[in-house]
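Written below as structure tokens is the structure these notes are about.
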Amino acid sequence: MFSAAVVGTGLIGTSIALALRDQGVVPHLLDRDPESARTAADLGAGVVGFPREPVDLAVIAVPPQHVALVLKEHQLLGLAHDFTDVASVKDRPQREAAELGCDLSRFVGGHPMGGREQSGPLAAQRGLFHGRPWVLTPSAASRESAVDRVKELAELCGAHPVVMTQSDHDRAVALTSHAPHVVATLLAARLLSGDDCQLRLSGQGLRDTTRIASGDPGLWTDILGSNAGAVADVLTEFASDLQVVVEALRDLGTRVPEQPHTSTAQLTSALVRGVQGRARVPAPASGGLHLSGAAAHG
């Protein structure tokens, strides 16, 4: 067992603190918004304030663009012996931390793969990461004891540690989280042109496919901008597939389709590939929550 601090008491930070409390660890809660830290403490997530002596592990639970600066600040303040973060992008914060001169031997990047559309400490749940992967992205400089400590953190929160490189992680989440958020958002934006009569026909399918579009736009701008290249690669391929479907539908929508058999085959192929791709998505862990929404990313 170790001592801990959580810097950033939003959904993810508070959920981690609640999970640690259940395991007998009382985290120190720090946030630039004192009210957020007090709210987390009132929920039973820990105690507000800087520890009297360095804790074993500090969790940096802030958006990607702030990770390196917050890490540098709290290493200089002597908050902890080792540090990790929970941002959904790993390569850019790691590079920025190196540029700022952070002690990377005491830092291990992390990303718990669980979340909700809601944000803030009041949305936190102690079982948020139960049965979910928790990605660790140690650098070549990360000391083994720090890696072991972050693995223990994941396990105490009920998650399964998975070690990846920063770039492999960022490509993975571009495919499974970041690009899907953009697609859901653009689909939801189309509803702005619908009239009330049309929207009254909305069913569960529409709610399911647009659910994650309710994430905080400011945070998602940070997330997508921090993983821009990988997300753009996925969306470029998506746009190509979408264009094929649009052209097939345009052709089938004419009175006398020019290539009816080809267009029908292209449409059917797109639908079949969708069924095949959906079948590859692992079933959610029992009692776990889907990774979605801005709050899923620290």
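We label chains A, B, ... in the order they appear in the structure tokens, count residues from 1 in each chain, and number ligands from 1 in the order shown.
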
Next item on the list: Just the helix (DSSP H, G or I) stuff from region 31-226 of chain A, please, per backbone DSSP, written as an MDAnalysis selection string.
Entry: chainID A and resid 34:42 64:76 91:99 104:106 121:123 144:156 166:193 196:199 204:214 217:226

Check: Out of region 86-181 of chain A, which residues get strand (DSSP E) from DSSP, as a PyMOL selection string?
Finding: chain A and resi 107-112+133-137+160-163

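Shortest separation to Val25 (chain A) among A:Leu153, A:Glu73, A:Val86, A:Val67 occurs at residue A:Leu153, atoms counted being only C-alpha atoms.
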
Check: Near Phe107 (chain A), within 8 Å and counting only C-alpha atoms, which residues show up once chain neighbours fewer than 4 positions away are dropped, as an MDAnalysis selection string?
Finding: chainID A and resid 82:84 103 138 142 146

Region 95-142 of chain A near region 167-186 of chain A within 12 Å: what's each residue's closest atom pair and its distance in Å to one decimal, counting only C-alpha atoms, ordered by chain then ascending residue number, as a Markdown table?
| residue | atom | partner | partner_atom | distance |
| --- | --- | --- | --- | --- |
| A:Arg95 | CA | A:Ser167 | CA | 11.4 |
| A:Gly109 | CA | A:His169 | CA | 10.5 |
| A:Gly110 | CA | A:His169 | CA | 10.0 |
| A:His111 | CA | A:His169 | CA | 9.1 |
| A:Pro112 | CA | A:Val173 | CA | 11.7 |
| A:Met113 | CA | A:Val173 | CA | 9.6 |
| A:Gly114 | CA | A:Ser177 | CA | 11.0 |
| A:Gly115 | CA | A:Ser177 | CA | 11.2 |
| A:Glu117 | CA | A:His181 | CA | 11.1 |
| A:Pro133 | CA | A:His169 | CA | 11.9 |
| A:Trp134 | CA | A:His169 | CA | 11.0 |
| A:Val135 | CA | A:His169 | CA | 7.8 |
| A:Leu136 | CA | A:His169 | CA | 9.0 |
| A:Thr137 | CA | A:His169 | CA | 7.9 |
| A:Pro138 | CA | A:His169 | CA | 11.4 |
| A:Ser139 | CA | A:Ser167 | CA | 11.3 |

Margin query: Need to verify the contact set: region 36-40 of chain A, 10 Å, only C-alpha atoms, exclusion of same-chain residues closer than 5 positions in sequence. Can you return it as a ChimeraX atom specification?
Written below: /A:6-11,13-15,17-18,28-31,45-49,120-122,124

Notebook entry, point to check: When you draw a straight line from CA of Pro282 (chain A) to CA of Pro93 (chain A), how long is it in Å?
Noted result: 28.3 Å

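As for CA of His261 (chain A) and CA of Phe238 (chain A), they are spaced 23.2 Å apart.
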
Go through region 59-132 of chain A residue by residue and, counting only C-alpha atoms, keep those with an atom at most 10 Å from region 211-234 of chain A; for each kept residue give the shortest atom pair and its distance in Å to one decimal, ordered by chain and increasing number, as CSV.
residue,atom,partner,partner_atom,distance
A:Pro63,CA,A:Leu219,CA,7.0
A:Pro64,CA,A:Ile223,CA,6.5
A:Gln65,CA,A:Asp222,CA,6.6
A:His66,CA,A:Asp222,CA,9.6
A:Ala87,CA,A:Ile223,CA,8.5
A:Ser88,CA,A:Ile223,CA,7.1
A:Val89,CA,A:Asn227,CA,6.3
A:Lys90,CA,A:Asn227,CA,8.7
A:Asp91,CA,A:Asn227,CA,8.2
A:Arg92,CA,A:Ser226,CA,6.4
A:Pro93,CA,A:Ser226,CA,8.5
A:Arg116,CA,A:Ile212,CA,8.5
A:Glu117,CA,A:Gly215,CA,5.5
A:Gln118,CA,A:Gly215,CA,7.3
A:Ser119,CA,A:Asp216,CA,8.2

Notebook entry, point to check: Excluding same-chain residues fewer than 3 positions from region 157-161 of chain A, what lies within 6 Å of it counting only C-alpha atoms, as a PyMOL selection string?
Noted result: chain A and resi 19+129-135+151+154

Margin query: For region 240-242 of chain A, find every residue with an atom within 12 Å (counting only C-alpha atoms), except residues of its own chain fewer than 2 positions away, and show them as number ranges by chain.
Written below: A: 183, 233-238, 244-249, 266-267, 269-271, 273-274

Note to self: Residues near Ala97 (chain A), anyone? I mean within 8 Å using only C-alpha atoms, not counting same-chain ones fewer than 2 positions away, as number ranges by chain.
What the structure shows: A: 67-69, 71-72, 93-95, 99-102, 104

Would you save the residues from that selection as a JSON list (two decimals), in the first residue's frame, using N, CA and C atoms?
[["chain", "number", "residue", "atom", "x", "y", "z"],
["A", 67, "VAL", "N", -0.64, 18.88, -18.57],
["A", 67, "VAL", "CA", 0.05, 17.82, -17.83],
["A", 67, "VAL", "C", 1.50, 18.19, -17.53],
["A", 68, "ALA", "N", 2.24, 18.59, -18.55],
["A", 68, "ALA", "CA", 3.67, 18.84, -18.36],
["A", 68, "ALA", "C", 3.93, 19.96, -17.36],
["A", 69, "LEU", "N", 3.19, 21.05, -17.48],
["A", 69, "LEU", "CA", 3.38, 22.17, -16.56],
["A", 69, "LEU", "C", 3.02, 21.80, -15.13],
["A", 71, "LEU", "N", 3.03, 18.76, -13.88],
["A", 71, "LEU", "CA", 4.05, 17.82, -13.43],
["A", 71, "LEU", "C", 5.30, 18.57, -12.97],
["A", 72, "LYS", "N", 5.78, 19.51, -13.78],
["A", 72, "LYS", "CA", 6.98, 20.28, -13.43],
["A", 72, "LYS", "C", 6.77, 21.03, -12.12],
["A", 93, "PRO", "N", 2.21, 15.21, -24.13],
["A", 93, "PRO", "CA", 2.61, 15.55, -22.76],
["A", 93, "PRO", "C", 4.00, 15.04, -22.39],
["A", 94, "GLN", "N", 4.35, 13.86, -22.90],
["A", 94, "GLN", "CA", 5.68, 13.30, -22.61],
["A", 94, "GLN", "C", 6.77, 14.19, -23.21],
["A", 95, "ARG", "N", 6.57, 14.59, -24.47],
["A", 95, "ARG", "CA", 7.56, 15.45, -25.13],
["A", 95, "ARG", "C", 7.67, 16.80, -24.42],
["A", 99, "GLU", "N", 10.86, 18.61, -22.54],
["A", 99, "GLU", "CA", 11.32, 19.96, -22.90],
["A", 99, "GLU", "C", 11.39, 20.88, -21.68],
["A", 100, "LEU", "N", 10.50, 20.65, -20.71],
["A", 100, "LEU", "CA", 10.49, 21.48, -19.50],
["A", 100, "LEU", "C", 11.53, 21.03, -18.47],
["A", 101, "GLY", "N", 12.19, 19.92, -18.75],
["A", 101, "GLY", "CA", 13.20, 19.43, -17.82],
["A", 101, "GLY", "C", 12.64, 18.66, -16.64],
["A", 102, "CYS", "N", 11.45, 18.09, -16.78],
["A", 102, "CYS", "CA", 10.89, 17.26, -15.70],
["A", 102, "CYS", "C", 11.76, 16.03, -15.48],
["A", 104, "LEU", "N", 11.95, 12.63, -15.63],
["A", 104, "LEU", "CA", 11.16, 11.57, -16.26],
["A", 104, "LEU", "C", 11.41, 10.20, -15.65]]
